[in-house]
Every structure is written in structure tokens, then in C-alpha cells.
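Peer 1: Handing over target.txt, compact mmCIF, C-alpha atoms and all ligand atoms.
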# COMPACT_ATOMS: atom_id res chain seq x y z
CA MET A 1 -34.88 -14.71 -41.31
CA ALA A 2 -34.04 -11.71 -39.24
CA LEU A 3 -34.60 -10.68 -35.66
CA LEU A 4 -35.97 -7.31 -36.66
CA SER A 5 -39.05 -7.16 -38.86
CA LYS A 6 -38.94 -5.27 -42.12
CA GLN A 7 -40.98 -2.46 -40.56
CA GLU A 8 -38.66 -2.27 -37.58
CA ARG A 9 -35.58 -2.08 -39.75
CA ARG A 10 -37.10 0.90 -41.54
CA HIS A 11 -38.36 2.62 -38.44
CA PHE A 12 -35.96 5.15 -36.95
CA PRO A 13 -37.20 6.65 -33.69
CA ASP A 14 -38.53 10.17 -33.92
CA TRP A 15 -36.48 12.23 -31.50
CA ASP A 16 -39.40 14.60 -30.98
CA ASP A 17 -41.64 11.84 -29.69
CA PRO A 18 -41.16 11.14 -25.98
CA ALA A 19 -42.66 7.68 -26.37
CA GLN A 20 -39.86 6.73 -28.77
CA CYS A 21 -36.86 8.49 -27.32
CA ILE A 22 -37.31 9.67 -23.76
CA PHE A 23 -36.71 7.23 -20.95
CA GLN A 24 -37.06 7.87 -17.29
CA ARG A 25 -35.90 4.58 -15.94
CA VAL A 26 -34.53 6.04 -12.72
CA ASP A 27 -36.36 5.67 -9.42
CA ILE A 28 -35.63 8.03 -6.55
CA ASP A 29 -36.59 7.34 -2.96
CA VAL A 30 -37.03 10.90 -1.69
CA GLU A 31 -37.10 9.65 1.90
CA LYS A 32 -33.55 8.32 1.59
CA CYS A 33 -32.22 11.11 -0.66
CA ASP A 34 -30.22 13.72 1.24
CA GLY A 35 -29.79 16.07 -1.72
CA CYS A 36 -26.00 15.68 -1.81
CA ARG A 37 -25.91 16.28 -5.63
CA LEU A 38 -23.35 13.58 -6.38
CA CYS A 39 -25.78 11.79 -8.72
CA THR A 40 -26.23 14.98 -10.74
CA LEU A 41 -22.45 15.07 -11.23
CA VAL A 42 -22.06 11.53 -12.52
CA CYS A 43 -25.10 11.21 -14.80
CA PRO A 44 -23.80 10.82 -18.37
CA ALA A 45 -27.02 12.24 -19.82
CA ASN A 46 -27.31 15.11 -17.36
CA VAL A 47 -30.94 14.23 -16.66
CA LEU A 48 -30.80 14.67 -12.88
CA GLU A 49 -31.19 17.83 -10.84
CA VAL A 50 -31.62 18.83 -7.24
CA TYR A 51 -34.60 20.88 -6.13
CA VAL A 52 -35.65 22.31 -2.81
CA GLU A 53 -38.87 21.34 -1.11
CA ASP A 54 -39.77 22.40 2.45
CA SER A 55 -36.17 23.71 2.61
CA ARG A 56 -34.85 20.17 2.04
CA LYS A 57 -32.79 19.28 -1.04
CA LYS A 58 -33.88 16.30 -3.12
CA ALA A 59 -32.82 14.84 -6.44
CA ARG A 60 -35.25 14.35 -9.31
CA VAL A 61 -35.24 13.49 -12.99
CA LYS A 62 -35.57 16.58 -15.17
CA THR A 63 -38.84 16.57 -17.08
CA SER A 64 -37.55 17.94 -20.36
CA GLN A 65 -34.56 15.64 -20.80
CA ARG A 66 -34.01 12.62 -22.93
CA GLY A 67 -30.88 10.51 -22.75
CA CYS A 68 -31.05 8.19 -19.71
CA ILE A 69 -29.34 4.95 -20.70
CA SER A 70 -29.85 3.10 -17.40
CA CYS A 71 -26.10 3.10 -16.76
CA ASN A 72 -26.76 3.24 -13.00
CA ASN A 73 -23.81 5.53 -12.33
CA CYS A 74 -26.22 7.41 -10.02
CA HIS A 75 -26.81 4.21 -8.04
CA ALA A 76 -23.08 3.47 -7.82
CA ILE A 77 -22.28 6.83 -6.20
CA CYS A 78 -25.27 7.19 -3.86
CA ALA A 79 -24.32 6.63 -0.22
CA ASN A 80 -27.97 6.15 0.76
CA GLU A 81 -29.12 3.76 -1.95
CA ALA A 82 -31.78 6.33 -2.76
CA ILE A 83 -31.49 6.23 -6.54
CA GLY A 84 -31.09 3.73 -9.33
CA ALA A 85 -32.38 2.37 -12.63
CA LYS A 86 -34.37 -0.83 -12.38
CA LEU A 87 -35.17 -1.24 -16.06
CA ALA A 88 -32.95 -1.50 -19.11
CA ASN A 89 -32.75 1.19 -21.75
CA ASP A 90 -34.74 0.41 -24.91
CA PHE A 91 -35.59 2.03 -28.21
CA VAL A 92 -38.22 1.28 -30.79
CA GLY A 93 -37.73 0.14 -34.37
CA PHE A 94 -34.22 -0.14 -35.79
CA TYR A 95 -32.63 0.23 -32.36
CA ARG A 96 -34.84 -2.22 -30.43
CA GLN A 97 -32.68 -4.14 -27.97
CA LEU A 98 -32.30 -7.83 -28.69
CA GLY A 99 -31.58 -10.84 -26.53
CA ARG A 100 -31.78 -9.02 -23.22
CA GLY A 101 -32.77 -10.75 -20.02
CA PRO A 102 -33.75 -9.11 -16.73
CA PHE A 103 -31.67 -6.34 -15.22
CA SER A 104 -29.40 -7.90 -12.63
CA LEU A 105 -26.64 -7.22 -10.10
CA PRO A 106 -23.31 -8.99 -10.67
CA ARG A 107 -23.83 -12.69 -10.09
CA LYS A 108 -21.30 -15.10 -8.59
CA PHE A 109 -21.35 -18.36 -10.50
CA MET B 110 7.15 -34.22 -44.35
CA ALA B 111 8.56 -36.15 -41.42
CA GLU B 112 9.06 -32.88 -39.62
CA THR B 113 5.45 -31.84 -40.18
CA ASN B 114 4.24 -35.14 -38.75
CA ALA B 115 6.46 -34.72 -35.75
CA ALA B 116 4.99 -31.29 -35.15
CA VAL B 117 1.45 -32.64 -35.37
CA ALA B 118 2.35 -35.50 -33.03
CA ARG B 119 3.79 -33.01 -30.58
CA LEU B 120 0.49 -31.11 -30.58
CA ASP B 121 -1.53 -34.27 -30.00
CA ASP B 122 0.71 -35.40 -27.18
CA ALA B 123 1.03 -32.06 -25.50
CA GLU B 124 0.17 -33.44 -22.07
CA GLN B 125 2.46 -36.45 -22.55
CA ILE B 126 5.35 -34.13 -23.39
CA GLU B 127 4.55 -32.02 -20.36
CA ALA B 128 4.62 -35.17 -18.19
CA ASP B 129 7.86 -36.46 -19.79
CA ALA B 130 9.48 -33.15 -19.10
CA GLY B 131 8.39 -33.45 -15.47
CA ARG B 132 6.83 -30.02 -15.68
CA VAL B 133 3.09 -30.63 -15.35
CA SER B 134 1.59 -27.22 -14.71
CA LYS B 135 -0.93 -26.86 -11.92
CA ILE B 136 -4.57 -26.11 -12.65
CA THR B 137 -6.01 -23.46 -10.36
CA GLU B 138 -9.38 -24.51 -8.95
CA VAL B 139 -11.87 -21.67 -8.57
CA PRO B 140 -14.79 -22.99 -6.51
CA VAL B 141 -18.41 -22.26 -7.46
CA GLY B 142 -19.58 -18.99 -5.95
CA ALA B 143 -16.06 -17.87 -5.02
CA ASP B 144 -15.70 -14.29 -3.85
CA TRP B 145 -14.65 -11.71 -6.43
CA ASN B 146 -10.91 -11.61 -6.90
CA ALA B 147 -8.94 -8.39 -7.38
CA VAL B 148 -9.31 -8.37 -11.16
CA GLU B 149 -13.05 -9.00 -11.04
CA ARG B 150 -13.45 -6.31 -8.40
CA ALA B 151 -11.62 -3.82 -10.60
CA MET B 152 -13.92 -4.70 -13.50
CA LEU B 153 -17.10 -4.46 -11.43
CA GLU B 154 -16.20 -1.31 -9.52
CA ARG B 155 -15.01 0.61 -12.58
CA ARG B 156 -17.41 3.36 -13.56
CA SER B 157 -16.97 6.12 -16.07
CA ILE B 158 -15.91 9.06 -13.92
CA ARG B 159 -17.02 12.52 -14.98
CA LYS B 160 -16.07 14.61 -11.95
CA TYR B 161 -12.53 14.69 -10.67
CA LYS B 162 -10.68 16.15 -7.73
CA ARG B 163 -8.18 18.87 -8.64
CA ARG B 164 -5.17 16.79 -7.55
CA GLN B 165 -2.96 15.74 -10.46
CA VAL B 166 -2.18 12.04 -10.93
CA PRO B 167 1.49 11.19 -10.17
CA PRO B 168 3.35 10.63 -13.46
CA HIS B 169 4.58 7.16 -12.49
CA LEU B 170 0.98 5.91 -12.28
CA ILE B 171 0.27 7.13 -15.82
CA ARG B 172 3.43 5.33 -16.94
CA ARG B 173 2.28 2.13 -15.19
CA MET B 174 -1.10 2.37 -16.90
CA LEU B 175 0.45 2.86 -20.33
CA GLU B 176 2.72 -0.09 -19.61
CA MET B 177 -0.40 -2.27 -19.25
CA GLY B 178 -1.63 -0.85 -22.56
CA ARG B 179 1.67 -1.81 -24.15
CA TYR B 180 1.14 -5.41 -23.05
CA SER B 181 -2.37 -5.77 -24.44
CA PRO B 182 -3.03 -8.30 -27.19
CA SER B 183 -3.30 -7.15 -30.82
CA GLN B 184 -3.91 -8.79 -34.16
CA GLY B 185 -0.64 -10.20 -35.48
CA ASN B 186 1.02 -8.47 -32.50
CA CYS B 187 0.88 -5.30 -34.62
CA GLN B 188 0.44 -2.98 -31.60
CA PRO B 189 -1.23 -0.24 -33.68
CA TRP B 190 -1.25 2.38 -30.89
CA LYS B 191 0.49 5.57 -29.96
CA PHE B 192 -0.14 7.44 -26.73
CA LEU B 193 -0.35 11.20 -26.22
CA VAL B 194 -0.48 12.33 -22.62
CA VAL B 195 -1.87 15.83 -22.05
CA ARG B 196 -1.52 17.26 -18.54
CA ASP B 197 -1.35 20.93 -19.44
CA ALA B 198 -4.60 22.46 -18.16
CA ALA B 199 -4.60 25.25 -20.76
CA MET B 200 -4.14 22.73 -23.55
CA ILE B 201 -6.95 20.50 -22.26
CA GLN B 202 -9.16 23.59 -22.03
CA GLY B 203 -8.30 24.40 -25.66
CA MET B 204 -9.21 20.87 -26.75
CA GLU B 205 -12.43 21.20 -24.76
CA GLU B 206 -13.35 24.42 -26.55
CA TYR B 207 -12.60 23.02 -29.98
CA CYS B 208 -14.70 19.87 -29.38
CA ALA B 209 -17.54 21.89 -27.84
CA GLY B 210 -17.59 24.07 -30.97
CA ALA B 211 -17.68 20.97 -33.17
CA CYS B 212 -20.56 19.58 -31.08
CA LYS B 213 -22.42 22.84 -31.56
CA LYS B 214 -22.15 22.38 -35.33
CA LEU B 215 -23.25 18.75 -35.05
CA SER B 216 -26.16 19.67 -32.84
CA THR B 217 -27.54 22.45 -35.05
CA SER B 218 -27.11 20.41 -38.21
CA PHE B 219 -28.69 17.22 -36.90
CA ASP B 220 -30.54 17.52 -33.60
CA TYR B 221 -33.90 18.75 -34.85
CA THR B 222 -35.34 18.75 -31.33
CA THR B 223 -33.34 21.95 -30.75
CA HIS B 224 -35.27 23.79 -33.48
CA ARG B 225 -38.75 25.17 -32.85
CA ALA B 226 -41.43 22.63 -33.76
CA GLY B 227 -43.31 23.73 -36.85
CA SER B 228 -40.46 25.93 -38.09
CA LEU B 229 -38.94 25.43 -41.53
CA ARG B 230 -35.58 24.77 -39.84
CA HIS B 231 -37.10 21.98 -37.79
CA PHE B 232 -38.75 20.44 -40.82
CA ALA B 233 -35.62 20.56 -42.99
CA THR B 234 -33.25 19.36 -40.26
CA ARG B 235 -35.56 16.50 -39.33
CA ALA B 236 -35.75 15.35 -42.94
CA LYS B 237 -31.97 15.48 -43.34
CA THR B 238 -31.30 13.71 -40.04
CA ARG B 239 -33.78 10.95 -40.77
CA LEU B 240 -32.02 10.29 -44.06
CA PHE B 241 -28.53 10.36 -42.52
CA ASN B 242 -29.78 8.20 -39.68
CA ARG B 243 -30.25 5.36 -42.15
CA LEU B 244 -26.80 5.86 -43.66
CA GLN B 245 -24.96 6.36 -40.37
CA PRO B 246 -27.07 4.57 -37.76
CA ASN B 247 -24.22 4.33 -35.24
CA MET B 248 -23.01 7.91 -35.17
CA LEU B 249 -26.43 9.49 -35.61
CA HIS B 250 -27.92 7.55 -32.74
CA PRO B 251 -30.11 9.65 -30.44
CA VAL B 252 -27.87 8.97 -27.41
CA PRO B 253 -24.64 10.60 -28.67
CA MET B 254 -26.66 13.32 -30.39
CA THR B 255 -28.35 14.16 -27.09
CA VAL B 256 -24.95 14.45 -25.45
CA ALA B 257 -23.63 16.57 -28.35
CA THR B 258 -26.51 18.99 -27.76
CA LEU B 259 -25.79 19.10 -24.02
CA ILE B 260 -22.15 19.86 -24.81
CA ALA B 261 -23.21 22.53 -27.31
CA GLN B 262 -25.36 24.13 -24.62
CA GLY B 263 -22.48 24.10 -22.14
CA ARG B 264 -24.34 21.64 -19.90
CA PHE B 265 -21.90 18.76 -20.30
CA ALA B 266 -18.12 18.67 -20.59
CA VAL B 267 -16.12 16.82 -23.22
CA PHE B 268 -13.03 16.06 -21.11
CA HIS B 269 -14.78 16.44 -17.74
CA ARG B 270 -12.05 18.86 -16.49
CA ALA B 271 -9.80 15.89 -15.80
CA PRO B 272 -6.20 16.68 -14.80
CA THR B 273 -4.82 14.13 -17.30
CA VAL B 274 -6.08 13.19 -20.75
CA ILE B 275 -4.60 10.24 -22.64
CA LEU B 276 -5.23 10.31 -26.38
CA LEU B 277 -5.16 6.87 -27.97
CA LEU B 278 -3.91 7.17 -31.52
CA MET B 279 -4.45 4.35 -33.97
CA ASP B 280 -2.08 3.40 -36.76
CA LYS B 281 -4.55 2.96 -39.59
CA ARG B 282 -2.25 0.37 -41.21
CA GLY B 283 -2.83 -2.06 -38.32
CA ILE B 284 -3.51 -5.70 -39.11
CA GLY B 285 -7.16 -6.72 -39.51
CA THR B 286 -9.33 -4.45 -37.39
CA PRO B 287 -7.04 -2.09 -35.45
CA GLU B 288 -10.04 -0.36 -33.80
CA ILE B 289 -10.51 -3.52 -31.74
CA ASP B 290 -6.87 -3.51 -30.68
CA ILE B 291 -7.23 0.09 -29.50
CA GLY B 292 -10.32 -0.90 -27.51
CA ILE B 293 -8.46 -3.71 -25.78
CA CYS B 294 -5.42 -1.53 -25.15
CA GLY B 295 -7.60 1.16 -23.57
CA THR B 296 -9.37 -1.43 -21.44
CA ASN B 297 -6.05 -2.55 -19.99
CA ILE B 298 -5.14 1.08 -19.27
CA VAL B 299 -8.49 1.75 -17.61
CA LEU B 300 -8.40 -1.38 -15.43
CA ALA B 301 -4.86 -0.62 -14.31
CA ALA B 302 -6.05 2.88 -13.34
CA GLN B 303 -8.97 1.34 -11.43
CA SER B 304 -6.55 -0.83 -9.47
CA PHE B 305 -4.71 2.34 -8.37
CA GLY B 306 -7.94 3.95 -7.12
CA LEU B 307 -8.04 6.31 -10.10
CA GLY B 308 -11.13 7.19 -12.09
CA THR B 309 -11.28 7.19 -15.88
CA CYS B 310 -13.73 7.93 -18.67
CA TRP B 311 -13.56 7.00 -22.32
CA ILE B 312 -14.14 10.07 -24.50
CA GLY B 313 -15.48 9.24 -27.94
CA PHE B 314 -16.00 12.94 -28.71
CA SER B 315 -12.20 13.33 -28.73
CA LYS B 316 -12.29 12.04 -32.33
CA LEU B 317 -13.62 15.45 -33.35
CA LEU B 318 -10.06 16.79 -32.89
CA ASN B 319 -9.06 14.90 -36.05
CA GLN B 320 -11.05 17.49 -38.02
CA SER B 321 -8.91 20.35 -36.76
CA ARG B 322 -5.74 21.02 -38.71
CA GLU B 323 -4.56 23.29 -35.95
CA TRP B 324 -5.00 20.71 -33.20
CA CYS B 325 -3.52 17.91 -35.26
CA ALA B 326 -0.43 20.06 -35.84
CA ARG B 327 -0.18 21.05 -32.20
CA LEU B 328 -0.62 17.48 -30.93
CA GLY B 329 1.46 15.96 -33.70
CA VAL B 330 -1.33 13.78 -35.06
CA GLU B 331 -0.52 12.88 -38.65
CA ALA B 332 -1.17 10.06 -41.07
CA PRO B 333 -1.07 7.10 -40.75
CA TYR B 334 -2.17 7.91 -37.20
CA GLU B 335 -5.53 9.26 -36.15
CA ILE B 336 -7.14 9.92 -32.79
CA SER B 337 -9.21 6.86 -32.02
CA GLU B 338 -10.37 7.57 -28.47
CA ALA B 339 -9.32 9.45 -25.38
CA ILE B 340 -9.32 8.44 -21.73
CA THR B 341 -9.59 11.02 -18.97
CA VAL B 342 -7.80 10.22 -15.71
CA GLY B 343 -8.03 11.64 -12.21
CA TYR B 344 -9.17 10.99 -8.67
CA PRO B 345 -12.94 10.55 -8.54
CA VAL B 346 -15.21 12.79 -6.50
CA GLY B 347 -17.25 10.64 -4.11
CA ASP B 348 -17.12 6.86 -3.89
CA PRO B 349 -18.66 5.41 -7.06
CA THR B 350 -18.06 1.75 -6.23
CA ARG B 351 -21.47 0.40 -5.24
CA PRO B 352 -22.37 -2.67 -7.34
CA ILE B 353 -24.89 -1.80 -10.04
CA ALA B 354 -27.51 -3.74 -11.98
CA ARG B 355 -27.10 -4.18 -15.72
CA ASP B 356 -28.91 -5.94 -18.55
CA THR B 357 -28.33 -9.65 -18.81
CA HIS B 358 -27.72 -10.94 -22.31
CA GLU B 359 -28.73 -14.09 -24.07
CA ILE B 360 -25.98 -16.74 -24.00
CA VAL B 361 -26.30 -19.61 -26.43
CA TRP B 362 -24.49 -22.66 -25.05
CA PHE B 363 -23.72 -25.69 -27.20
CA GLU B 364 -22.57 -28.78 -25.36
CA ASP B 365 -23.02 -32.56 -25.59
CA GLY B 366 -25.05 -32.19 -28.78
CA LYS B 367 -27.53 -29.95 -26.98
CA LYS B 368 -28.25 -26.26 -27.24
CA GLU B 369 -29.23 -24.21 -24.23
CA ILE B 370 -30.20 -20.57 -23.80
CA LEU B 371 -28.92 -18.93 -20.66
CA TYR B 372 -28.99 -15.37 -19.34
C1 LIG C 1 -15.61 3.94 -26.67
C2 LIG C 1 -16.35 4.71 -25.60
C3 LIG C 1 -16.55 6.07 -25.76
C4 LIG C 1 -17.21 6.81 -24.77
N1 LIG C 1 -17.32 8.16 -24.90
C5 LIG C 1 -17.83 8.90 -23.88
C6 LIG C 1 -17.84 10.33 -23.95
O1 LIG C 1 -17.44 10.94 -24.96
N2 LIG C 1 -18.30 11.03 -22.88
C7 LIG C 1 -18.73 10.40 -21.74
O2 LIG C 1 -19.10 11.09 -20.80
N3 LIG C 1 -18.75 9.03 -21.65
C8 LIG C 1 -18.30 8.27 -22.68
N4 LIG C 1 -18.27 6.89 -22.58
C9 LIG C 1 -18.73 6.24 -21.32
C10 LIG C 1 -20.05 5.48 -21.44
O3 LIG C 1 -21.11 6.39 -21.41
C11 LIG C 1 -20.13 4.49 -20.26
O4 LIG C 1 -19.13 3.53 -20.42
C12 LIG C 1 -21.48 3.80 -20.12
O5 LIG C 1 -22.46 4.74 -19.82
C13 LIG C 1 -21.46 2.73 -19.02
O6 LIG C 1 -21.16 3.30 -17.77
P1 LIG C 1 -19.86 2.84 -16.93
O7 LIG C 1 -18.66 3.00 -17.82
O8 LIG C 1 -19.81 3.75 -15.75
O9 LIG C 1 -20.05 1.41 -16.53
C14 LIG C 1 -17.68 6.14 -23.60
C15 LIG C 1 -17.50 4.76 -23.48
C16 LIG C 1 -16.84 4.05 -24.45
C17 LIG C 1 -16.64 2.57 -24.27
Do you think you could lay out the structure here as C-alpha cells?
Peer 2:
Amino acid sequence: MALLSKQERRHFPDWDDPAQCIFQRVDIDVEKCDGCRLCTLVCPANVLEVYVEDSRKKARVKTSQRGCISCNNCHAICANEAIGAKLANDFVGFYRQLGRGPFSLPRKF
Amino acid sequence: MAETNAAVARLDDAEQIEADAGRVSKITEVPVGADWNAVERAMLERRSIRKYKRRQVPPHLIRRMLEMGRYSPSQGNCQPWKFLVVRDAAMIQGMEEYCAGACKKLSTSFDYTTHRAGSLRHFATRAKTRLFNRLQPNMLHPVPMTVATLIAQGRFAVFHRAPTVILLLMDKRGIGTPEIDIGICGTNIVLAAQSFGLGTCWIGFSKLLNQSREWCARLGVEAPYEISEAITVGYPVGDPTRPIARDTHEIVWFEDGKKEILY
């Protein structure tokens, strides 16, 4: 008995394949974002950048980057609650996450 | 024999002995749904800080943090740690450059996404990485390899230009699993820092320094010690304390002959 199937145990994600390795779990509310750049400083995977549209600065997730681990450091630093990950990080095959429930804020029991 | 029995009896009657001594300790009641206390707040508000203000941390605060590390639990009370505190900007920059160079080597030898698709280099590197991935699934995980590539490309810092870097050295002769003791020790240090309003970040890439004879000599890292982890310390830029969402994890709860799954 094992939680990972035989195939899964043998399957290592292909880093070239976006479907297996590239996560964009971060949502940005461009209305609330004031382009302050703090989220780009704290992101451990360096997947965020600020761009200019109609002479207003906004954050976005870089298209070419893999590495977001849903750590939510961007959410923690944002003064406007404009950014955050709502889904957990997950990989296929050997690294598939086990025993995870829904993403949740700290709960007071 | 009689003595052994007396010892066992003492254990069984622990509460009786407490009562006889007239020193019944009070149980603190924490009501359901109580507000976060100071320790919980420190745990919840701690984030890994990767951008620091230029201001140096006063030395007494570093000493207070290390004091909390000194009082952390360890297997057999073996205390398998040694602390190196580096606050010399030129030295930290040197460590940064060495580790960045080592990441460059790691990245070109393993991160096949950096080689042109269809090239022989890509093909060969991919084959090698996929083999090593099986043998070293923790180190050759795509997450640290992505970061190694960012570091190699100069798009991510190793020590985050922090004014203070604490290197946690591990005595490899520690009892049982000394890596765990170092983790606990560092956690105490980090939470103490959090309680002073300081920001910290664990730096796993600091281990690369072990490969450098020059840096080991300069830092005084020699067997039976090795660099286990590093912690950067400084004042955070911005206010990174908003509560964040995280995965919940399966909790298996056995009680009253029943088994329950909670999250
Ligand atoms: C042992 C250990 C080593 C780590 N090494 C690094 C590192 O080298 N560089 C880095 O930026 N973050 C490093 N981190 C930080 C993690 O990325 C971070 O803890 C995780 O993303 C969760 O975010 P949080 O600490 O802000 O809650 C490390 C964390 C741990 C526990």
C-alpha cells in the first residue's frame, strides 16, 4: 500500500513542460494595485513585475517564470489587499502533494 | 529493587505527591477562540524577509536572539550548534559572490530549461538531471533549481543584502539527528528576532560555502563542524505582517477508540 501509485513514483516532472512545473497561483486585483513594487521585492521566486499601462503602474505575474510556491509573501506585504495566492502549490508525479485540505487563513480554535 | 518500586510509585502518585507537598501547580485555562497571544502572533506574522533597510541591527539584539538559540531543546541535550555572526558588508558580499558562482555551476549542470530546446546540451543535461532527480529528489527539486538559476542570472540574491548574517554550524557528532536540533535552534532565533520587530530569512544556499576551502578557512569552519544553514537579519522594508492563507494538512486524531480525520 502506498499513497503514490507506481507510475507516480516513477514520474518526475519535466521542467520544460509548463503544465507540470509552472504555477501561476497568484491573483492580482489591478483596480486595488497601486504599483508600489513591494510584492516584487518579497517574492521568493521572483515571478512578479511591475508594468506601466495608461501611465499607471501595476503588478503582474511574469509570463516566462516558473517557481511560485503560493507562499503568499506578496499578500502579507500588500497594503491594499490587491494580491495573493488562493490555491496551494502542487506538482505532478513523484512530488504530488498529499493530505492537503483547502487553503485557509489562520484559524482560532 | 525496593528503590525501583519506590520510583515507580512516585511516578504513579505524581499528583498525590504534589498535593502532599502543598505545591499544586495551577493549570492555565485558554478559552476556545481566544485571541492570539504574543507567541502565536510572532509565529503568524513571521515571514521570510528578502529586502532589508540599510540600518544595522544593534549587537545586543543579536546576542538576545542567540541566547534563545542556546536554550532550544536538543537530543540528549547535545547542543550541536556553533554560531558565526557576520556583519562585515565586504565579507557578506564575498560570500554572496562565492555562492552565486556555485549556483551558476549548479544551474548550467542541471537546469536544462536554460539550454536551447533541441540542442545537444539540452538533451544531455535533461537526461543527466532526470537521472539525478531520482537519486537526489530533495536537492534536485524544481523549486530550489529555479532559484539557483535566478541567482546565477543575477536576478535573486543569496543573502538578500542583509546587514547581519548568522551562520548556523552543526557539530556532525551530535546525538541522533543533529539537523533537527539545528532547525529548532534556528526557529528559536528567528522567533526571538520577530518579537523585536526584526526580519529574518533562512538561507539554505549558504551550505554551498562548505565547498570552498578558502571560505571555510576564512570563516573558521572545520570538521567536525559544517555550515548547516544561515539566517539573514535586518529591519524589513514595508510591513509584511498581514495574515496569509496556507494549506491545511490532514490531521489523524485517535481518541476514545475512534479515529477521526481533521484538517
Ligand atoms: C531551511 C530553510 C532554508 C531556506 N532557504 C532559503 C533560501 O536560500 N533563500 C530564500 O530566499 N528563502 C529560503 N527559505 C525561505 C522559504 O522560502 C520560506 O520559508 C517559505 O517560502 C515560506 O514563506 P515564509 O517563511 O515567509 O512563511 C528557506 C526556508 C527554510 C526553512
Peer 1: Near chain B, which residues of chain A fall within 9 Å when you count all atoms listed in the file, and what do they look like as a PyMOL selection string?
Peer 2: chain A and resi 10+12-16+21+38+41-46+65-79+81+84-89+94-95+98-109
Peer 1: Between CA of Met279 in chain B and CA of Gln165 in chain B, what is the distance, to one decimal in Å?
Peer 2: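 It comes out at 26.2 Å.
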Peer 1: Between atom C9 of ligand LIG 1 (chain C) and CA of Ile28 in chain A, what is the spacing in Å?
Peer 2: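 For CA of Ile28 in chain A relative to atom C9 of ligand LIG 1 (chain C), the distance reads 22.5 Å.
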Peer 1: Enter the distance from atom C9 of ligand LIG 1 (chain C) to CA of Trp311 in chain B, in Å, rounded to one decimal.
Peer 2: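 Computed distance, atom C9 of ligand LIG 1 (chain C) to CA of Trp311 in chain B, equals 5.3 Å.
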Peer 1: Draw an axis-aligned box over all listed atoms of range 318-335 of chain B, pad each side with 6 Å, and write its centre and edge lengths in Å, one decimal, as JSON.
Peer 2:
{"center_x": -4.8, "center_y": 15.2, "center_z": -36.0, "size_x": 24.5, "size_y": 28.2, "size_z": 22.1}
Peer 1: Any idea what's packed within 9 Å of Val148 in chain B, counting all atoms listed in the file, ignoring anything in its chain fewer than 4 positions away? Could you give it as a VMD selection string?
Peer 2: chain B and resid 152 to 153 300 304
Peer 1: Compare A:Gln97, A:Leu48, A:Leu3, A:Phe91 by their minimum atom-to-atom distance to Ala19 in chain A, counting all atoms listed in the file, and give me the closest one.
Peer 2: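 Going through A:Gln97, A:Leu48, A:Leu3, A:Phe91 one by one, the smallest distance to Ala19 in chain A is for A:Phe91.
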Peer 1: Give me the residues within 8 Å of Asp34 in chain A as a list in words, counting only C-alpha atoms and dropping any in the same chain fewer than 3 places off.
Peer 2: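 Residues near the query, excluding close chain neighbours: Val30, Arg56, Lys57, Lys58 and Asn80 of chain A.
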Peer 1: Between B:Ala301, B:Leu318, B:Ile293, B:Met204, which one has atoms that come closest to Arg270 in chain B, using all atoms listed in the file?
Peer 2: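 Between B:Ala301, B:Leu318, B:Ile293, B:Met204, the residue approaching Arg270 in chain B most closely is B:Met204.
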Peer 1: Considering only C-alpha atoms and all ligand atoms, can you say which of B:Asp121, B:Glu338, B:Asp129, B:Asp365 comes closest to ligand LIG 1 (chain C)?
Peer 2: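 Between B:Asp121, B:Glu338, B:Asp129, B:Asp365, the residue approaching ligand LIG 1 (chain C) most closely is B:Glu338.
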Peer 1: From the set B:Ala209, B:Ile284, B:Ile201, B:Leu244, which residue has the shortest atom-to-atom contact distance to ligand LIG 1 (chain C), counting all atoms listed in the file?
Peer 2: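 Under the stated criterion, the closest residue is B:Ala209.
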Peer 1: Using only C-alpha atoms, can you tell me which of A:Val52, A:His11, A:Val47, A:Ala2 comes closest to Val26 in chain A?
Peer 2: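 Smallest distance to Val26 in chain A is found for A:Val47.
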